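Shown next: run20.pdb, containing PDB, C-alpha atoms.
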```pdb
ATOM      1  CA  MET S  39      22.030 -61.940  45.265
ATOM      2  CA  GLU S  40      19.036 -61.378  43.082
ATOM      3  CA  ASN S  41      17.291 -59.609  45.896
ATOM      4  CA  GLU S  42      20.001 -56.974  46.112
ATOM      5  CA  ASN S  43      19.230 -55.617  42.611
ATOM      6  CA  VAL S  44      15.493 -55.505  43.163
ATOM      7  CA  LYS S  45      14.241 -52.317  44.780
ATOM      8  CA  TYR S  46      11.134 -52.522  46.883
ATOM      9  CA  ARG S  47       9.026 -49.465  47.397
ATOM     10  CA  ASN S  48       8.053 -49.734  50.965
ATOM     11  CA  MET S  49       8.642 -46.198  52.205
ATOM     12  CA  THR S  50       5.870 -43.573  52.401
ATOM     13  CA  ILE S  51       6.105 -39.913  51.474
ATOM     14  CA  SER S  52       3.033 -37.778  51.987
ATOM     15  CA  LEU S  53       1.892 -34.331  51.001
ATOM     16  CA  LYS S  54      -0.994 -32.105  51.906
ATOM     17  CA  VAL S  55      -3.480 -30.966  49.274
ATOM     18  CA  ALA S  56      -6.849 -29.262  49.298
ATOM     19  CA  ALA S  57      -9.970 -31.389  48.841
ATOM     20  CA  GLU S  58     -10.507 -30.112  45.247
ATOM     21  CA  GLU S  59      -6.867 -30.893  44.386
ATOM     22  CA  LYS S  60      -7.197 -34.450  45.763
ATOM     23  CA  ILE S  61     -10.335 -34.986  43.669
ATOM     24  CA  MET S  62      -8.565 -33.650  40.568
ATOM     25  CA  LEU S  63      -5.498 -35.877  41.159
ATOM     26  CA  ARG S  64      -7.669 -38.938  41.824
ATOM     27  CA  ARG S  65      -9.594 -38.336  38.548
ATOM     28  CA  LEU S  66      -6.328 -38.013  36.629
ATOM     29  CA  ALA S  67      -5.098 -41.290  38.139
ATOM     30  CA  GLU S  68      -8.385 -43.001  37.237
ATOM     31  CA  LYS S  69      -8.113 -41.608  33.697
ATOM     32  CA  TYR S  70      -4.760 -43.368  33.268
ATOM     33  CA  LYS S  71      -6.013 -46.452  35.151
ATOM     34  CA  VAL S  72      -3.428 -46.322  37.959
ATOM     35  CA  SER S  73      -3.705 -45.799  41.651
ATOM     36  CA  LEU S  74      -3.323 -42.327  43.112
ATOM     37  CA  SER S  75      -0.078 -43.444  44.796
ATOM     38  CA  GLU S  76       1.377 -44.769  41.508
ATOM     39  CA  PHE S  77       0.286 -41.605  39.674
ATOM     40  CA  MET S  78       2.011 -39.346  42.212
ATOM     41  CA  TYR S  79       5.132 -41.560  42.191
ATOM     42  CA  ASN S  80       5.419 -41.287  38.390
ATOM     43  CA  LEU S  81       4.952 -37.522  38.483
ATOM     44  CA  VAL S  82       7.671 -37.083  41.113
ATOM     45  CA  MET S  83      10.103 -39.394  39.334
ATOM     46  CA  CYS S  84       9.522 -37.744  35.942
ATOM     47  CA  PHE S  85      10.118 -34.221  37.218
ATOM     48  CA  LYS S  86      12.679 -34.823  39.992
ATOM     49  CA  ASN S  87      15.593 -33.342  37.990
ATOM     50  CA  GLN S  88      13.637 -30.316  36.834
ATOM     51  CA  TYR S  89      13.053 -28.724  40.221
ATOM     52  CA  ASP S  90      15.500 -25.938  39.313
ATOM     53  CA  TYR S  91      13.169 -24.897  36.530
ATOM     54  CA  ILE S  92       9.957 -24.679  38.554
ATOM     55  CA  GLY S  93       8.557 -21.257  37.837
ATOM     56  CA  MET S  94      11.211 -20.707  35.143
ATOM     57  CA  LEU S  95      11.737 -21.880  31.620
ATOM     58  CA  SER S  96      13.959 -24.852  30.918
ATOM     59  CA  PRO S  97      16.872 -24.298  28.483
ATOM     60  CA  GLY S  98      14.859 -25.955  25.713
ATOM     61  CA  GLU S  99      11.872 -23.764  26.483
ATOM     62  CA  GLU S 100      14.110 -20.674  26.571
ATOM     63  CA  LYS S 101      15.481 -21.600  23.161
ATOM     64  CA  LEU S 102      11.941 -22.049  21.856
ATOM     65  CA  ALA S 103      10.899 -18.742  23.432
ATOM     66  CA  GLU S 104      13.872 -16.998  21.768
ATOM     67  CA  ASN S 105      12.930 -18.549  18.435
ATOM     68  CA  LEU S 106       9.348 -17.434  19.002
ATOM     69  CA  ARG S 107      10.522 -13.859  19.700
ATOM     70  CA  LYS S 108      12.602 -13.915  16.510
ATOM     71  CA  VAL S 109       9.667 -15.198  14.502
ATOM     72  CA  LYS S 110       7.383 -12.550  16.021
ATOM     73  CA  MET S 111       9.923  -9.809  15.190
ATOM     74  CA  GLN S 112      10.226 -11.141  11.655
ATOM     75  CA  ASN S 113       6.425 -11.276  11.367
ATOM     76  CA  SER S 114       6.073  -7.693  12.587
ATOM     77  CA  ARG S 115       8.823  -6.564  10.176
ATOM     78  CA  LEU S 116       7.144  -8.406   7.309
ATOM     79  CA  THR S 117       3.771  -6.966   8.321
ATOM     80  CA  ALA S 118       5.274  -3.472   8.223
ATOM     81  CA  GLU S 119       6.816  -4.221   4.814
ATOM     82  CA  ILE S 120       3.455  -5.474   3.537
ATOM     83  CA  GLU S 121       1.725  -2.354   4.855
ATOM     84  CA  ASN S 122       4.401  -0.180   3.210
ATOM     85  CA  ALA S 123       4.058  -2.115  -0.031
ATOM     86  CA  ASP S 124       0.267  -1.796   0.117
ATOM     87  CA  PHE S 125       0.640   1.934   0.748
ATOM     88  CA  ARG S 126       3.066   2.280  -2.182
ATOM     89  CA  VAL S 127       0.714   0.292  -4.423
ATOM     90  CA  GLN S 128      -2.195   2.476  -3.339
ATOM     91  CA  MET S 129      -0.155   5.627  -4.025
ATOM     92  CA  GLU S 130       0.871   4.306  -7.456
ATOM     93  CA  MET S 131      -2.730   3.393  -8.263
ATOM     94  CA  GLU S 132      -3.895   6.872  -7.237
ATOM     95  CA  ARG S 133      -1.098   8.459  -9.284
ATOM     96  CA  ALA S 134      -2.018   6.298 -12.278
ATOM     97  CA  ALA S 135      -5.701   7.176 -11.857
ATOM     98  CA  LYS S 136      -4.817  10.889 -11.726
ATOM     99  CA  ALA S 137      -2.631  10.516 -14.822
ATOM    100  CA  ILE S 138      -5.417   8.690 -16.662
ATOM    101  CA  ASN S 139      -7.944  11.332 -15.601
ATOM    102  CA  ALA S 140      -5.588  14.102 -16.761
ATOM    103  CA  LYS S 141      -5.026  12.279 -20.084
ATOM    104  CA  ASP S 142      -8.768  11.838 -20.516
ATOM    105  CA  GLU S 143      -9.323  15.516 -19.679
ATOM    106  CA  PHE S 144      -6.702  16.558 -22.238
ATOM    107  CA  ALA S 145      -8.218  14.217 -24.836
ATOM    108  CA  TYR S 146     -11.651  15.705 -24.141
ATOM    109  CA  GLN S 147     -10.293  19.245 -24.413
ATOM    110  CA  LEU S 148      -8.519  18.297 -27.660
ATOM    111  CA  LYS S 149     -11.732  16.846 -29.130
ATOM    112  CA  GLU S 150     -13.639  19.901 -27.971
ATOM    113  CA  GLN S 151     -11.048  22.190 -29.586
ATOM    114  CA  LYS S 152     -11.151  20.116 -32.792
ATOM    115  CA  ALA S 153     -14.931  20.524 -32.892
ATOM    116  CA  ILE S 154     -14.565  24.282 -32.333
ATOM    117  CA  ASN S 155     -11.880  24.429 -35.053
ATOM    118  CA  ALA S 156     -14.132  22.490 -37.443
ATOM    119  CA  ASP S 157     -16.993  24.919 -36.750
ATOM    120  CA  GLN S 158     -14.643  27.862 -37.231
ATOM    121  CA  LEU S 159     -13.363  26.321 -40.497
ATOM    122  CA  GLU S 160     -16.918  25.954 -41.756
ATOM    123  CA  GLU S 161     -17.658  29.535 -40.767
ATOM    124  CA  LEU S 162     -14.421  30.697 -42.388
ATOM    125  CA  ASN S 163     -15.231  28.826 -45.593
ATOM    126  CA  SER S 164     -18.725  30.316 -45.688
ATOM    127  CA  LEU S 165     -17.232  33.763 -45.013
ATOM    128  CA  LYS S 166     -14.753  33.179 -47.857
ATOM    129  CA  GLU S 167     -17.626  32.287 -50.159
ATOM    130  CA  ILE S 168     -19.531  35.380 -49.045
ATOM    131  CA  ASN S 169     -16.353  37.436 -49.472
ATOM    132  CA  LEU S 170     -15.878  36.061 -53.008
ATOM    133  CA  MET S 171     -19.492  36.844 -53.874
ATOM    134  CA  LEU S 172     -19.140  40.330 -52.420
ATOM    135  CA  GLU S 173     -15.887  40.823 -54.287
ATOM    136  CA  LYS S 174     -17.575  39.774 -57.535
ATOM    137  CA  SER S 175     -20.472  42.111 -56.776
ATOM    138  CA  ASN S 176     -18.027  44.867 -55.881
ATOM    139  CA  ASN S 177     -16.107  44.349 -59.122
ATOM    140  CA  LYS S 178     -19.404  44.365 -61.003
ATOM    141  CA  PHE S 179     -20.396  47.620 -59.300
ATOM    142  CA  ARG S 180     -16.973  49.083 -60.049
ATOM    143  CA  ARG S 181     -17.305  48.133 -63.671
ATOM    144  CA  THR S 182     -20.821  49.486 -63.687
ATOM    145  CA  SER S 183     -19.631  52.585 -61.898
ATOM    146  CA  SER S 184     -16.774  52.972 -64.369
ATOM    147  CA  ASN S 185     -19.174  52.459 -67.249
ATOM    148  CA  ASN S 186     -21.561  54.988 -65.723
ATOM    149  CA  GLN S 187     -18.730  57.441 -65.260
ATOM    150  CA  LEU S 188     -17.581  56.879 -68.819
ATOM    151  CA  THR S 189     -21.146  57.236 -70.000
ATOM    152  CA  SER S 190     -21.518  60.393 -67.910
ATOM    153  CA  ILE S 191     -18.248  61.758 -69.259
ATOM    154  CA  ALA S 192     -19.230  60.794 -72.765
ATOM    155  CA  ALA S 193     -22.679  62.344 -72.290
ATOM    156  CA  GLY S 194     -21.090  65.452 -70.794
ATOM    157  CA  ALA S 195     -18.615  65.653 -73.598
ATOM    158  CA  PHE S 196     -21.400  65.060 -76.130
ATOM    159  CA  GLY S 197     -23.436  67.766 -74.408
ATOM    160  CA  LEU S 198     -20.497  70.158 -74.572
ATOM    161  CA  PHE S 199     -19.863  69.398 -78.196
ATOM    162  CA  THR S 200     -23.532  69.729 -78.944
ATOM    163  CA  GLY S 201     -23.696  72.971 -76.993
ATOM    164  CA  PHE S 202     -20.684  74.354 -78.849
ATOM    165  CA  ALA S 203     -22.101  73.135 -82.113
ATOM    166  CA  PHE S 204     -25.429  74.935 -81.611
ATOM    167  CA  LYS S 205     -23.714  77.991 -80.415
ATOM    168  CA  ARG S 206     -21.768  78.280 -83.588
TER     169      ARG S 206
END
```
Starting from the coordinates I provided, produce the structure as structure tokens.
Amino acid sequence: MENENVKYRNMTISLKVAAEEKIMLRRLAEKYKVSLSEFMYNLVMCFKNQYDYIGMLSPGEEKLAENLRKVKMQNSRLTAEIENADFRVQMEMERAAKAINAKDEFAYQLKEQKAINADQLEELNSLKEINLMLEKSNNKFRRTSSNNQLTSIAAGAFGLFTGFAFKR
């Protein structure tokens, strides 16, 4: 009765391989410290129900591949978003740099104009002083001229009176 439940492996299944393949399989068996026959038996028994998937992906692998595709799509989308964000940041930095340069240019022009205005104010003040001095000199000459005219008129009148007085 006990012998009925025990399965003896006494049947032989063979396969043909190339010499290099036999060497590779024998080395793998030696690596795991089993005979070549035991190694091949374990391989066949492990993969016996997966023959449908030889050359194809198993459902688990297909699910993983689909997840991988989704992750790759998400990565490419995120990469594009990062590139767009980098481009926007670069554009904003360039715009800010242009604005700062324009502000600096206006500030420079303003300072330059202030310096010109200060020079013009100094020149205007000196011209005002010169104008005041000339006005004073002009008034002095007018007074002198008026005095000279009065003196000339008085001298003329005195000459006339003197001339009339001698004539009489």
Padding 8 Å on each side, edges along x, y and z: where is the centre of the box around the listed atoms of region 148-167 of chain S, and how long are its edges in Å to one decimal? Output it as JSON.
```
{"center_x": -13.6, "center_y": 25.3, "center_z": -38.9, "size_x": 26.2, "size_y": 32.9, "size_z": 38.5}
```
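In this structure, CA of Tyr89 (chain S) sits 26.5 Å away from CA of Lys71 (chain S).
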Separation of CA of Leu81 (chain S) from CA of Thr50 (chain S) in Å: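 Distance reported for this atom pair: 15.2 Å.
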If you measure from CA of Leu106 (chain S) to CA of Gly93 (chain S), what distance in Å do you get, rounded to one decimal?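 That distance, rounded to one decimal, is 19.2 Å.
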Which residues, written as a PDB file with C-alpha atoms, keeping the file's coordinate frame, have at least one atom at most 12 Å from Arg64 (chain S), with all atoms listed in the file counted and residues fewer than 4 positions away on the same chain left out?
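Produced file part-v8.pdb, reproduced below:
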```
ATOM      1  CA  VAL S  55      -3.480 -30.966  49.274  1.00  0.00           C
ATOM      2  CA  ALA S  57      -9.970 -31.389  48.841  1.00  0.00           C
ATOM      3  CA  GLU S  58     -10.507 -30.112  45.247  1.00  0.00           C
ATOM      4  CA  GLU S  59      -6.867 -30.893  44.386  1.00  0.00           C
ATOM      5  CA  LYS S  60      -7.197 -34.450  45.763  1.00  0.00           C
ATOM      6  CA  GLU S  68      -8.385 -43.001  37.237  1.00  0.00           C
ATOM      7  CA  LYS S  69      -8.113 -41.608  33.697  1.00  0.00           C
ATOM      8  CA  TYR S  70      -4.760 -43.368  33.268  1.00  0.00           C
ATOM      9  CA  LYS S  71      -6.013 -46.452  35.151  1.00  0.00           C
ATOM     10  CA  VAL S  72      -3.428 -46.322  37.959  1.00  0.00           C
ATOM     11  CA  SER S  73      -3.705 -45.799  41.651  1.00  0.00           C
ATOM     12  CA  LEU S  74      -3.323 -42.327  43.112  1.00  0.00           C
ATOM     13  CA  SER S  75      -0.078 -43.444  44.796  1.00  0.00           C
ATOM     14  CA  GLU S  76       1.377 -44.769  41.508  1.00  0.00           C
ATOM     15  CA  PHE S  77       0.286 -41.605  39.674  1.00  0.00           C
ATOM     16  CA  MET S  78       2.011 -39.346  42.212  1.00  0.00           C
TER      17      MET S  78
END
```
